[in-house]
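Input: a single structure, listed below in structure tokens.
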Amino acid sequence: MKPGFIYIVTNKYNNTYYVGVTSNLPKRILEHKEKRYENSFSARYNLNKLVYYEQFQMIGDAIAREKQLKAVSRAQKTNLIQGLNPNWNDLFDEIKDIMSI
């Protein structure tokens, strides 16, 4: 089975979150940045800043974690982001250099 990632993207104001799952994180974040799916939630709200991600050996584990994160409160998501990324930096540059697009 292929590896998987869960991720959280937000906008420049950090006031709207999108939790997603993918097998190719750099490619998926690039799709958010380019608004590839123009009618999607992330495109409508300009959610293109990667602020959190987790990597899993199997995509099934990532899907389970995505469901878990979608069920938690906004405050819990905020705490998760601040624990890993207290300055709310865009992590895209960090991941695109270490993972292939």
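As shown in the structure tokens, the chain order sets the letters A, B, ...; within each chain, residues go from 1, and ligands are also counted from 1 in the order they appear.
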
Exercise: Leu69 in chain A partners within 12 Å, only C-alpha atoms, chain neighbours under 3 positions left out, as a PDB file with all heavy atoms, in the first residue's frame:
ATOM      1  N   ILE A   6      -1.800  13.543   5.986  1.00  0.00           N
ATOM      2  CA  ILE A   6      -2.909  14.445   6.278  1.00  0.00           C
ATOM      3  C   ILE A   6      -2.285  15.826   6.357  1.00  0.00           C
ATOM      4  O   ILE A   6      -1.091  15.970   6.656  1.00  0.00           O
ATOM      5  CB  ILE A   6      -3.687  14.086   7.565  1.00  0.00           C
ATOM      6  CG1 ILE A   6      -2.807  14.118   8.810  1.00  0.00           C
ATOM      7  CG2 ILE A   6      -4.372  12.758   7.416  1.00  0.00           C
ATOM      8  CD1 ILE A   6      -2.863  15.428   9.529  1.00  0.00           C
ATOM      9  N   TYR A   7      -3.089  16.834   6.073  1.00  0.00           N
ATOM     10  CA  TYR A   7      -2.554  18.186   6.089  1.00  0.00           C
ATOM     11  C   TYR A   7      -3.641  19.176   6.442  1.00  0.00           C
ATOM     12  O   TYR A   7      -4.833  18.888   6.317  1.00  0.00           O
ATOM     13  CB  TYR A   7      -1.928  18.536   4.731  1.00  0.00           C
ATOM     14  CG  TYR A   7      -2.924  18.541   3.594  1.00  0.00           C
ATOM     15  CD1 TYR A   7      -3.589  19.710   3.225  1.00  0.00           C
ATOM     16  CD2 TYR A   7      -3.214  17.377   2.887  1.00  0.00           C
ATOM     17  CE1 TYR A   7      -4.507  19.712   2.186  1.00  0.00           C
ATOM     18  CE2 TYR A   7      -4.124  17.370   1.850  1.00  0.00           C
ATOM     19  CZ  TYR A   7      -4.766  18.538   1.504  1.00  0.00           C
ATOM     20  OH  TYR A   7      -5.682  18.547   0.484  1.00  0.00           O
ATOM     21  N   ILE A   8      -3.207  20.341   6.906  1.00  0.00           N
ATOM     22  CA  ILE A   8      -4.116  21.451   7.157  1.00  0.00           C
ATOM     23  C   ILE A   8      -3.589  22.647   6.391  1.00  0.00           C
ATOM     24  O   ILE A   8      -2.406  22.992   6.510  1.00  0.00           O
ATOM     25  CB  ILE A   8      -4.227  21.795   8.654  1.00  0.00           C
ATOM     26  CG1 ILE A   8      -4.728  20.593   9.456  1.00  0.00           C
ATOM     27  CG2 ILE A   8      -5.141  23.005   8.859  1.00  0.00           C
ATOM     28  CD1 ILE A   8      -4.743  20.802  10.965  1.00  0.00           C
ATOM     29  N   TYR A  17      -9.794  26.845   8.047  1.00  0.00           N
ATOM     30  CA  TYR A  17      -8.955  25.657   7.894  1.00  0.00           C
ATOM     31  C   TYR A  17      -9.601  24.664   6.927  1.00  0.00           C
ATOM     32  O   TYR A  17     -10.813  24.566   6.848  1.00  0.00           O
ATOM     33  CB  TYR A  17      -8.764  24.919   9.219  1.00  0.00           C
ATOM     34  CG  TYR A  17      -8.189  25.711  10.357  1.00  0.00           C
ATOM     35  CD1 TYR A  17      -8.461  25.340  11.661  1.00  0.00           C
ATOM     36  CD2 TYR A  17      -7.385  26.813  10.154  1.00  0.00           C
ATOM     37  CE1 TYR A  17      -7.940  26.032  12.731  1.00  0.00           C
ATOM     38  CE2 TYR A  17      -6.858  27.514  11.220  1.00  0.00           C
ATOM     39  CZ  TYR A  17      -7.137  27.126  12.508  1.00  0.00           C
ATOM     40  OH  TYR A  17      -6.623  27.818  13.562  1.00  0.00           O
ATOM     41  N   TYR A  18      -8.727  23.915   6.265  1.00  0.00           N
ATOM     42  CA  TYR A  18      -9.170  22.772   5.471  1.00  0.00           C
ATOM     43  C   TYR A  18      -8.265  21.605   5.846  1.00  0.00           C
ATOM     44  O   TYR A  18      -7.034  21.727   5.803  1.00  0.00           O
ATOM     45  CB  TYR A  18      -9.057  23.067   3.975  1.00  0.00           C
ATOM     46  CG  TYR A  18      -9.362  21.867   3.101  1.00  0.00           C
ATOM     47  CD1 TYR A  18     -10.670  21.514   2.796  1.00  0.00           C
ATOM     48  CD2 TYR A  18      -8.339  21.065   2.597  1.00  0.00           C
ATOM     49  CE1 TYR A  18     -10.952  20.408   2.008  1.00  0.00           C
ATOM     50  CE2 TYR A  18      -8.611  19.969   1.814  1.00  0.00           C
ATOM     51  CZ  TYR A  18      -9.911  19.639   1.519  1.00  0.00           C
ATOM     52  OH  TYR A  18     -10.193  18.543   0.747  1.00  0.00           O
ATOM     53  N   VAL A  19      -8.861  20.485   6.210  1.00  0.00           N
ATOM     54  CA  VAL A  19      -8.117  19.268   6.528  1.00  0.00           C
ATOM     55  C   VAL A  19      -8.275  18.323   5.351  1.00  0.00           C
ATOM     56  O   VAL A  19      -9.398  18.056   4.912  1.00  0.00           O
ATOM     57  CB  VAL A  19      -8.655  18.603   7.817  1.00  0.00           C
ATOM     58  CG1 VAL A  19      -7.917  17.299   8.101  1.00  0.00           C
ATOM     59  CG2 VAL A  19      -8.548  19.553   8.999  1.00  0.00           C
ATOM     60  N   GLY A  20      -7.156  17.818   4.843  1.00  0.00           N
ATOM     61  CA  GLY A  20      -7.208  16.923   3.695  1.00  0.00           C
ATOM     62  C   GLY A  20      -6.276  15.741   3.846  1.00  0.00           C
ATOM     63  O   GLY A  20      -5.457  15.674   4.767  1.00  0.00           O
ATOM     64  N   VAL A  21      -6.395  14.814   2.911  1.00  0.00           N
ATOM     65  CA  VAL A  21      -5.548  13.623   2.877  1.00  0.00           C
ATOM     66  C   VAL A  21      -5.082  13.424   1.441  1.00  0.00           C
ATOM     67  O   VAL A  21      -5.803  13.734   0.487  1.00  0.00           O
ATOM     68  CB  VAL A  21      -6.306  12.379   3.409  1.00  0.00           C
ATOM     69  CG1 VAL A  21      -7.468  12.018   2.509  1.00  0.00           C
ATOM     70  CG2 VAL A  21      -5.379  11.200   3.588  1.00  0.00           C
ATOM     71  N   TYR A  52       0.308  22.574   8.587  1.00  0.00           N
ATOM     72  CA  TYR A  52       0.455  21.362   9.392  1.00  0.00           C
ATOM     73  C   TYR A  52       0.361  20.144   8.485  1.00  0.00           C
ATOM     74  O   TYR A  52      -0.416  20.135   7.534  1.00  0.00           O
ATOM     75  CB  TYR A  52      -0.660  21.287  10.446  1.00  0.00           C
ATOM     76  CG  TYR A  52      -0.525  20.099  11.370  1.00  0.00           C
ATOM     77  CD1 TYR A  52       0.297  20.160  12.486  1.00  0.00           C
ATOM     78  CD2 TYR A  52      -1.198  18.913  11.115  1.00  0.00           C
ATOM     79  CE1 TYR A  52       0.440  19.067  13.330  1.00  0.00           C
ATOM     80  CE2 TYR A  52      -1.064  17.820  11.948  1.00  0.00           C
ATOM     81  CZ  TYR A  52      -0.241  17.901  13.055  1.00  0.00           C
ATOM     82  OH  TYR A  52      -0.102  16.815  13.875  1.00  0.00           O
ATOM     83  N   TYR A  53       1.153  19.121   8.796  1.00  0.00           N
ATOM     84  CA  TYR A  53       1.010  17.844   8.104  1.00  0.00           C
ATOM     85  C   TYR A  53       1.565  16.713   8.956  1.00  0.00           C
ATOM     86  O   TYR A  53       2.370  16.936   9.856  1.00  0.00           O
ATOM     87  CB  TYR A  53       1.684  17.855   6.725  1.00  0.00           C
ATOM     88  CG  TYR A  53       3.195  17.913   6.759  1.00  0.00           C
ATOM     89  CD1 TYR A  53       3.960  16.754   6.713  1.00  0.00           C
ATOM     90  CD2 TYR A  53       3.855  19.136   6.829  1.00  0.00           C
ATOM     91  CE1 TYR A  53       5.342  16.810   6.737  1.00  0.00           C
ATOM     92  CE2 TYR A  53       5.233  19.199   6.851  1.00  0.00           C
ATOM     93  CZ  TYR A  53       5.973  18.038   6.805  1.00  0.00           C
ATOM     94  OH  TYR A  53       7.353  18.098   6.838  1.00  0.00           O
ATOM     95  N   GLU A  54       1.093  15.514   8.673  1.00  0.00           N
ATOM     96  CA  GLU A  54       1.595  14.290   9.285  1.00  0.00           C
ATOM     97  C   GLU A  54       1.777  13.273   8.169  1.00  0.00           C
ATOM     98  O   GLU A  54       0.989  13.237   7.228  1.00  0.00           O
ATOM     99  CB  GLU A  54       0.608  13.722  10.311  1.00  0.00           C
ATOM    100  CG  GLU A  54       0.389  14.581  11.531  1.00  0.00           C
ATOM    101  CD  GLU A  54      -0.668  13.999  12.469  1.00  0.00           C
ATOM    102  OE1 GLU A  54      -0.939  12.777  12.425  1.00  0.00           O
ATOM    103  OE2 GLU A  54      -1.230  14.789  13.245  1.00  0.00           O
ATOM    104  N   ALA A  62      -3.694   7.359   7.167  1.00  0.00           N
ATOM    105  CA  ALA A  62      -3.872   8.796   6.939  1.00  0.00           C
ATOM    106  C   ALA A  62      -5.362   9.138   6.837  1.00  0.00           C
ATOM    107  O   ALA A  62      -5.809  10.152   7.380  1.00  0.00           O
ATOM    108  CB  ALA A  62      -3.128   9.234   5.676  1.00  0.00           C
ATOM    109  N   ILE A  63      -6.123   8.299   6.160  1.00  0.00           N
ATOM    110  CA  ILE A  63      -7.563   8.530   6.022  1.00  0.00           C
ATOM    111  C   ILE A  63      -8.242   8.484   7.392  1.00  0.00           C
ATOM    112  O   ILE A  63      -9.085   9.336   7.708  1.00  0.00           O
ATOM    113  CB  ILE A  63      -8.187   7.515   5.035  1.00  0.00           C
ATOM    114  CG1 ILE A  63      -7.678   7.799   3.617  1.00  0.00           C
ATOM    115  CG2 ILE A  63      -9.710   7.555   5.097  1.00  0.00           C
ATOM    116  CD1 ILE A  63      -7.981   6.702   2.610  1.00  0.00           C
ATOM    117  N   ALA A  64      -7.848   7.535   8.225  1.00  0.00           N
ATOM    118  CA  ALA A  64      -8.418   7.441   9.571  1.00  0.00           C
ATOM    119  C   ALA A  64      -8.075   8.684  10.390  1.00  0.00           C
ATOM    120  O   ALA A  64      -8.931   9.223  11.102  1.00  0.00           O
ATOM    121  CB  ALA A  64      -7.907   6.181  10.271  1.00  0.00           C
ATOM    122  N   ARG A  65      -6.841   9.156  10.273  1.00  0.00           N
ATOM    123  CA  ARG A  65      -6.430  10.351  11.010  1.00  0.00           C
ATOM    124  C   ARG A  65      -7.163  11.588  10.498  1.00  0.00           C
ATOM    125  O   ARG A  65      -7.541  12.467  11.281  1.00  0.00           O
ATOM    126  CB  ARG A  65      -4.914  10.535  10.879  1.00  0.00           C
ATOM    127  CG  ARG A  65      -4.369  11.766  11.559  1.00  0.00           C
ATOM    128  CD  ARG A  65      -4.515  11.729  13.061  1.00  0.00           C
ATOM    129  NE  ARG A  65      -3.745  12.829  13.640  1.00  0.00           N
ATOM    130  CZ  ARG A  65      -4.077  13.465  14.748  1.00  0.00           C
ATOM    131  NH1 ARG A  65      -5.134  13.097  15.434  1.00  0.00           N
ATOM    132  NH2 ARG A  65      -3.332  14.450  15.185  1.00  0.00           N
ATOM    133  N   GLU A  66      -7.393  11.664   9.184  1.00  0.00           N
ATOM    134  CA  GLU A  66      -8.145  12.795   8.621  1.00  0.00           C
ATOM    135  C   GLU A  66      -9.548  12.845   9.227  1.00  0.00           C
ATOM    136  O   GLU A  66     -10.018  13.911   9.641  1.00  0.00           O
ATOM    137  CB  GLU A  66      -8.238  12.680   7.103  1.00  0.00           C
ATOM    138  CG  GLU A  66      -9.073  13.791   6.481  1.00  0.00           C
ATOM    139  CD  GLU A  66      -9.602  13.465   5.098  1.00  0.00           C
ATOM    140  OE1 GLU A  66      -9.796  12.272   4.795  1.00  0.00           O
ATOM    141  OE2 GLU A  66      -9.830  14.409   4.336  1.00  0.00           O
ATOM    142  N   VAL A  72     -12.593  16.965  15.433  1.00  0.00           N
ATOM    143  CA  VAL A  72     -12.187  17.738  16.612  1.00  0.00           C
ATOM    144  C   VAL A  72     -12.535  19.213  16.432  1.00  0.00           C
ATOM    145  O   VAL A  72     -12.784  19.684  15.321  1.00  0.00           O
ATOM    146  CB  VAL A  72     -10.685  17.571  16.950  1.00  0.00           C
ATOM    147  CG1 VAL A  72     -10.337  16.116  17.169  1.00  0.00           C
ATOM    148  CG2 VAL A  72      -9.795  18.198  15.904  1.00  0.00           C
ATOM    149  N   SER A  73     -12.515  19.928  17.519  1.00  0.00           N
ATOM    150  CA  SER A  73     -12.880  21.344  17.496  1.00  0.00           C
ATOM    151  C   SER A  73     -11.810  22.191  16.805  1.00  0.00           C
ATOM    152  O   SER A  73     -10.661  21.773  16.651  1.00  0.00           O
ATOM    153  CB  SER A  73     -13.064  21.856  18.923  1.00  0.00           C
ATOM    154  OG  SER A  73     -11.815  21.925  19.588  1.00  0.00           O
ATOM    155  N   ARG A  74     -12.210  23.376  16.433  1.00  0.00           N
ATOM    156  CA  ARG A  74     -11.287  24.345  15.838  1.00  0.00           C
ATOM    157  C   ARG A  74     -10.134  24.644  16.807  1.00  0.00           C
ATOM    158  O   ARG A  74      -8.983  24.739  16.409  1.00  0.00           O
ATOM    159  CB  ARG A  74     -12.043  25.616  15.482  1.00  0.00           C
ATOM    160  CG  ARG A  74     -11.160  26.692  14.926  1.00  0.00           C
ATOM    161  CD  ARG A  74     -11.944  27.979  14.678  1.00  0.00           C
ATOM    162  NE  ARG A  74     -11.048  28.999  14.229  1.00  0.00           N
ATOM    163  CZ  ARG A  74     -10.589  29.115  12.984  1.00  0.00           C
ATOM    164  NH1 ARG A  74     -10.968  28.257  12.068  1.00  0.00           N
ATOM    165  NH2 ARG A  74      -9.766  30.072  12.663  1.00  0.00           N
ATOM    166  N   ALA A  75     -10.453  24.773  18.087  1.00  0.00           N
ATOM    167  CA  ALA A  75      -9.421  25.069  19.098  1.00  0.00           C
ATOM    168  C   ALA A  75      -8.381  23.947  19.147  1.00  0.00           C
ATOM    169  O   ALA A  75      -7.177  24.222  19.263  1.00  0.00           O
ATOM    170  CB  ALA A  75     -10.066  25.260  20.464  1.00  0.00           C
ATOM    171  N   GLN A  76      -8.817  22.706  19.030  1.00  0.00           N
ATOM    172  CA  GLN A  76      -7.880  21.580  19.034  1.00  0.00           C
ATOM    173  C   GLN A  76      -6.997  21.602  17.784  1.00  0.00           C
ATOM    174  O   GLN A  76      -5.805  21.307  17.859  1.00  0.00           O
ATOM    175  CB  GLN A  76      -8.635  20.261  19.139  1.00  0.00           C
ATOM    176  CG  GLN A  76      -9.262  20.048  20.508  1.00  0.00           C
ATOM    177  CD  GLN A  76     -10.146  18.825  20.545  1.00  0.00           C
ATOM    178  OE1 GLN A  76     -11.166  18.770  19.868  1.00  0.00           O
ATOM    179  NE2 GLN A  76      -9.763  17.850  21.348  1.00  0.00           N
ATOM    180  N   LYS A  77      -7.578  21.952  16.638  1.00  0.00           N
ATOM    181  CA  LYS A  77      -6.774  22.071  15.412  1.00  0.00           C
ATOM    182  C   LYS A  77      -5.757  23.199  15.560  1.00  0.00           C
ATOM    183  O   LYS A  77      -4.596  23.056  15.170  1.00  0.00           O
ATOM    184  CB  LYS A  77      -7.667  22.324  14.201  1.00  0.00           C
ATOM    185  CG  LYS A  77      -8.505  21.149  13.782  1.00  0.00           C
ATOM    186  CD  LYS A  77      -9.377  21.512  12.590  1.00  0.00           C
ATOM    187  CE  LYS A  77     -10.332  20.415  12.246  1.00  0.00           C
ATOM    188  NZ  LYS A  77     -11.687  20.652  12.687  1.00  0.00           N
ATOM    189  N   THR A  78      -6.188  24.314  16.131  1.00  0.00           N
ATOM    190  CA  THR A  78      -5.286  25.450  16.343  1.00  0.00           C
ATOM    191  C   THR A  78      -4.130  25.049  17.249  1.00  0.00           C
ATOM    192  O   THR A  78      -2.972  25.369  16.959  1.00  0.00           O
ATOM    193  CB  THR A  78      -6.065  26.640  16.941  1.00  0.00           C
ATOM    194  OG1 THR A  78      -7.091  27.021  16.026  1.00  0.00           O
ATOM    195  CG2 THR A  78      -5.156  27.825  17.199  1.00  0.00           C
ATOM    196  N   ASN A  79      -4.413  24.331  18.323  1.00  0.00           N
ATOM    197  CA  ASN A  79      -3.357  23.866  19.228  1.00  0.00           C
ATOM    198  C   ASN A  79      -2.387  22.927  18.529  1.00  0.00           C
ATOM    199  O   ASN A  79      -1.176  22.989  18.768  1.00  0.00           O
ATOM    200  CB  ASN A  79      -3.961  23.190  20.458  1.00  0.00           C
ATOM    201  CG  ASN A  79      -4.641  24.170  21.381  1.00  0.00           C
ATOM    202  OD1 ASN A  79      -4.345  25.369  21.376  1.00  0.00           O
ATOM    203  ND2 ASN A  79      -5.564  23.674  22.187  1.00  0.00           N
ATOM    204  N   LEU A  80      -2.912  22.068  17.680  1.00  0.00           N
ATOM    205  CA  LEU A  80      -2.076  21.140  16.920  1.00  0.00           C
ATOM    206  C   LEU A  80      -1.119  21.914  16.011  1.00  0.00           C
ATOM    207  O   LEU A  80       0.078  21.633  15.974  1.00  0.00           O
ATOM    208  CB  LEU A  80      -2.984  20.222  16.099  1.00  0.00           C
ATOM    209  CG  LEU A  80      -2.426  18.926  15.561  1.00  0.00           C
ATOM    210  CD1 LEU A  80      -1.944  18.031  16.687  1.00  0.00           C
ATOM    211  CD2 LEU A  80      -3.497  18.218  14.752  1.00  0.00           C
ATOM    212  N   ILE A  81      -1.655  22.894  15.292  1.00  0.00           N
ATOM    213  CA  ILE A  81      -0.838  23.714  14.392  1.00  0.00           C
ATOM    214  C   ILE A  81       0.221  24.470  15.185  1.00  0.00           C
ATOM    215  O   ILE A  81       1.406  24.463  14.821  1.00  0.00           O
ATOM    216  CB  ILE A  81      -1.724  24.700  13.598  1.00  0.00           C
ATOM    217  CG1 ILE A  81      -2.648  23.947  12.654  1.00  0.00           C
ATOM    218  CG2 ILE A  81      -0.858  25.699  12.827  1.00  0.00           C
ATOM    219  CD1 ILE A  81      -3.811  24.778  12.107  1.00  0.00           C
TER     220      ILE A  81
END

(message) Please determine, counting only C-alpha atoms, which residue among A:Ile59, A:Ala43, A:Ile29, A:Leu50 has the shortest atom-to-atom distance to Met1 in chain A.
(response) A:Ile59

(request) Could you give me the residues within chain A that DSSP places in helix (DSSP H, G or I), as a VMD selection string? (result) chain A and resid 25 to 33 41 to 44 59 to 71 74 to 84 92 to 98

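Relative to CA of Asn87 in chain A, CA of Val9 in chain A is found at 14.1 Å.
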
(request) Could you give me, as an MDAnalysis selection string, the residues within 7 Å of Thr22 in chain A, counting only C-alpha atoms and dropping anything in the same chain fewer than 3 positions from it? (result) chainID A and resid 4:6 25 28

Could you give me the residues within chain A that DSSP places in strand (DSSP E), as a CSV table (one decimal) with C-alpha atoms, in the first residue's frame?
chain,number,residue,atom,x,y,z
A,4,GLY,CA,-0.2,8.9,2.9
A,5,PHE,CA,-0.4,12.4,4.5
A,6,ILE,CA,-2.9,14.4,6.3
A,7,TYR,CA,-2.6,18.2,6.1
A,8,ILE,CA,-4.1,21.5,7.2
A,9,VAL,CA,-4.1,24.5,4.9
A,10,THR,CA,-5.3,27.9,5.8
A,17,TYR,CA,-9.0,25.7,7.9
A,18,TYR,CA,-9.2,22.8,5.5
A,19,VAL,CA,-8.1,19.3,6.5
A,20,GLY,CA,-7.2,16.9,3.7
A,21,VAL,CA,-5.5,13.6,2.9
A,22,THR,CA,-3.3,12.7,0.0
A,49,LYS,CA,-0.9,28.0,3.0
A,50,LEU,CA,0.3,24.6,4.4
A,51,VAL,CA,0.6,25.0,8.2
A,52,TYR,CA,0.5,21.4,9.4
A,53,TYR,CA,1.0,17.8,8.1
A,54,GLU,CA,1.6,14.3,9.3
A,55,GLN,CA,3.1,11.4,7.3
A,56,PHE,CA,1.9,7.8,7.5

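When CA of Asn11 in chain A is paired with CA of Asn89 in chain A, their separation reads 11.2 Å.
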
(message) What's around Leu30 in chain A at 12 Å? Count only C-alpha atoms, leave out sequence neighbours fewer than 3 positions away in its own chain, and write the answer as a list of chain:residue names.
(response) A:Val9, A:Asn24, A:Leu25, A:Pro26, A:Lys27, A:Lys33, A:Glu34, A:Lys35, A:Arg36, A:Tyr37, A:Ala43, A:Leu47, A:Asn48, A:Lys49, A:Leu50, A:Leu91, A:Phe92, A:Asp93, A:Ile95, A:Lys96, A:Ser100, A:Ile101

(request) State, in Å with one decimal place, the distance from CA of Asn14 in chain A to CA of Tyr45 in chain A. (result) 11.0 Å
